[in-house]
Amino acid sequence: MTWKVKTNQEIPLYELEYNLLHYFDHLMKPNYWAQEFPLPKAEFKAPITTKKGTEYEAQLTFFDGFHTGKVITSYILGQQIFNQATKETIIIFKISPKPYTEAIWVKLNAQTIITGFKKD
């Protein structure tokens, strides 16, 4: 998932977390078959600043209102690159319900949207 946002500065971690939680909360709630929806929870590790931007690692727990009707945990790698000249930031989230040790992360990390963005 990628967000491109007009902004005067890099978006702080607490705002990214807030918006990601609300995105998943509102994405899953509209399903008619469930009456109760536990709020999503996110656990972000401290961001790391590199030459290529700010990198994030997180786990997001949310209600799967589309398929299982259960609470699931997804693993997230994120990267934010702020461009002072254009006053915009690009945020990329790589998301999978599989832990970082699983084969899907080899495929996700092979994506070259932004060179060098991967979880080693």
# chains A, B, ... in the order shown; residues from 1 in each chain; ligands from 1

$ residues_around --residues "Lys45 (chain A)" --least-positions-apart "4" --cutoff "10 Å" --atoms "only C-alpha atoms" --output "JSON, numbers by chain"
{"A": [13, 55, 56, 57, 58, 59]}

$ write_last_selection --atoms "all heavy atoms" --output "short mmCIF file (atom, residue, chain, number, x, y, z; two decimals), in the first residue's frame"
data_model
loop_
_atom_site.label_atom_id
_atom_site.label_comp_id
_atom_site.auth_asym_id
_atom_site.auth_seq_id
_atom_site.Cartn_x
_atom_site.Cartn_y
_atom_site.Cartn_z
N LEU A 13 5.47 9.49 13.41
CA LEU A 13 5.04 8.11 13.61
C LEU A 13 3.63 8.04 14.21
O LEU A 13 2.81 7.23 13.78
CB LEU A 13 6.04 7.37 14.50
CG LEU A 13 5.69 5.92 14.82
CD1 LEU A 13 5.62 5.08 13.55
CD2 LEU A 13 6.71 5.34 15.78
N GLU A 55 12.37 4.35 8.10
CA GLU A 55 11.83 3.00 7.97
C GLU A 55 11.13 2.59 9.26
O GLU A 55 11.57 2.96 10.35
CB GLU A 55 12.94 2.02 7.61
CG GLU A 55 13.56 2.33 6.26
CD GLU A 55 14.65 1.35 5.85
OE1 GLU A 55 14.91 0.38 6.59
OE2 GLU A 55 15.24 1.58 4.79
N TYR A 56 10.05 1.83 9.10
CA TYR A 56 9.22 1.41 10.22
C TYR A 56 9.00 -0.10 10.17
O TYR A 56 8.97 -0.69 9.09
CB TYR A 56 7.83 2.07 10.14
CG TYR A 56 7.88 3.55 9.99
CD1 TYR A 56 7.89 4.15 8.73
CD2 TYR A 56 7.93 4.37 11.11
CE1 TYR A 56 7.93 5.53 8.60
CE2 TYR A 56 7.98 5.75 10.98
CZ TYR A 56 7.98 6.31 9.73
OH TYR A 56 8.04 7.67 9.59
N GLU A 57 8.82 -0.68 11.33
CA GLU A 57 8.43 -2.07 11.45
C GLU A 57 7.29 -2.10 12.47
O GLU A 57 7.37 -1.46 13.51
CB GLU A 57 9.61 -2.91 11.93
CG GLU A 57 9.33 -4.39 11.98
CD GLU A 57 10.56 -5.19 12.36
OE1 GLU A 57 11.68 -4.81 11.99
OE2 GLU A 57 10.38 -6.20 13.06
N ALA A 58 6.23 -2.86 12.14
CA ALA A 58 5.07 -2.87 13.03
C ALA A 58 4.30 -4.17 12.92
O ALA A 58 4.46 -4.92 11.95
CB ALA A 58 4.14 -1.71 12.68
N GLN A 59 3.48 -4.41 13.92
CA GLN A 59 2.48 -5.46 13.87
C GLN A 59 1.13 -4.80 14.07
O GLN A 59 0.97 -3.95 14.95
CB GLN A 59 2.72 -6.50 14.95
CG GLN A 59 3.92 -7.37 14.69
CD GLN A 59 4.05 -8.48 15.73
OE1 GLN A 59 3.14 -8.77 16.48
NE2 GLN A 59 5.21 -9.10 15.74
#

$ residues_around --residues "region 82-89 of chain A" --least-positions-apart "4" --cutoff "8 Å" --atoms "only C-alpha atoms" --output "PyMOL selection string"
chain A and resi 4-11+53

$ closest_residue --among "A:Ile91, A:Leu16, A:Ile104, A:Leu21" --to "Lys52 (chain A)" --atoms "only C-alpha atoms"
A:Ile91

$ residues_around --residues "Tyr18 (chain A)" --least-positions-apart "4" --cutoff "10 Å" --atoms "only C-alpha atoms" --output "ChimeraX atom specification"
/A:13-14,22-23,41-42

$ select_by_dssp --residues "chain A" --states "strand (DSSP E)" --output "JSON, numbers by chain"
{"A": [2, 3, 4, 5, 6, 41, 42, 43, 44, 48, 49, 50, 53, 54, 55, 56, 57, 58, 59, 60, 61, 62, 63, 71, 72, 73, 74, 75, 76, 77, 78, 79, 80, 81, 82, 83, 88, 89, 90, 91, 92, 93, 94, 95, 96]}

$ write_last_selection --atoms "C-alpha atoms" --output "compact mmCIF listing (two decimals), in the first residue's frame"
# COMPACT_ATOMS: atom_id res chain seq x y z
CA THR A 2 1.37 3.43 -0.90
CA TRP A 3 0.31 6.88 0.26
CA LYS A 4 1.44 10.11 -1.36
CA VAL A 5 0.71 13.11 0.87
CA LYS A 6 1.20 16.85 0.41
CA LYS A 41 -4.20 -2.19 17.56
CA ALA A 42 -0.74 -1.35 16.25
CA GLU A 43 2.67 -1.87 17.77
CA PHE A 44 5.36 0.12 15.99
CA ILE A 48 15.09 4.11 11.81
CA THR A 49 16.36 7.03 9.75
CA THR A 50 18.50 6.04 6.77
CA GLY A 53 14.17 7.81 4.35
CA THR A 54 12.56 6.71 7.57
CA GLU A 55 11.83 3.00 7.97
CA TYR A 56 9.22 1.41 10.22
CA GLU A 57 8.43 -2.07 11.45
CA ALA A 58 5.07 -2.87 13.03
CA GLN A 59 2.48 -5.46 13.87
CA LEU A 60 -1.16 -4.60 13.28
CA THR A 61 -3.99 -6.58 14.85
CA PHE A 62 -7.44 -6.00 13.35
CA PHE A 63 -10.81 -7.60 12.75
CA VAL A 71 -9.01 -10.94 14.65
CA ILE A 72 -5.77 -11.36 12.72
CA THR A 73 -2.25 -9.97 13.03
CA SER A 74 -0.34 -8.59 10.07
CA TYR A 75 3.32 -7.69 9.87
CA ILE A 76 4.27 -4.38 8.31
CA LEU A 77 7.42 -2.84 6.92
CA GLY A 78 7.05 0.82 6.11
CA GLN A 79 9.20 3.47 4.55
CA GLN A 80 8.64 7.21 4.32
CA ILE A 81 10.51 9.50 1.96
CA PHE A 82 9.95 13.24 2.33
CA ASN A 83 10.77 15.55 -0.56
CA GLU A 88 5.25 15.78 -0.35
CA THR A 89 6.00 12.50 1.29
CA ILE A 90 5.62 8.99 -0.05
CA ILE A 91 4.86 6.24 2.44
CA ILE A 92 5.06 2.59 1.44
CA PHE A 93 3.64 -0.21 3.58
CA LYS A 94 4.47 -3.83 2.83
CA ILE A 95 1.89 -5.95 4.65
CA SER A 96 1.49 -9.68 5.20

$ closest_residue --among "A:Pro47, A:Met28, A:Pro97, A:Asn109" --to "Gly69 (chain A)" --atoms "only C-alpha atoms"
A:Met28
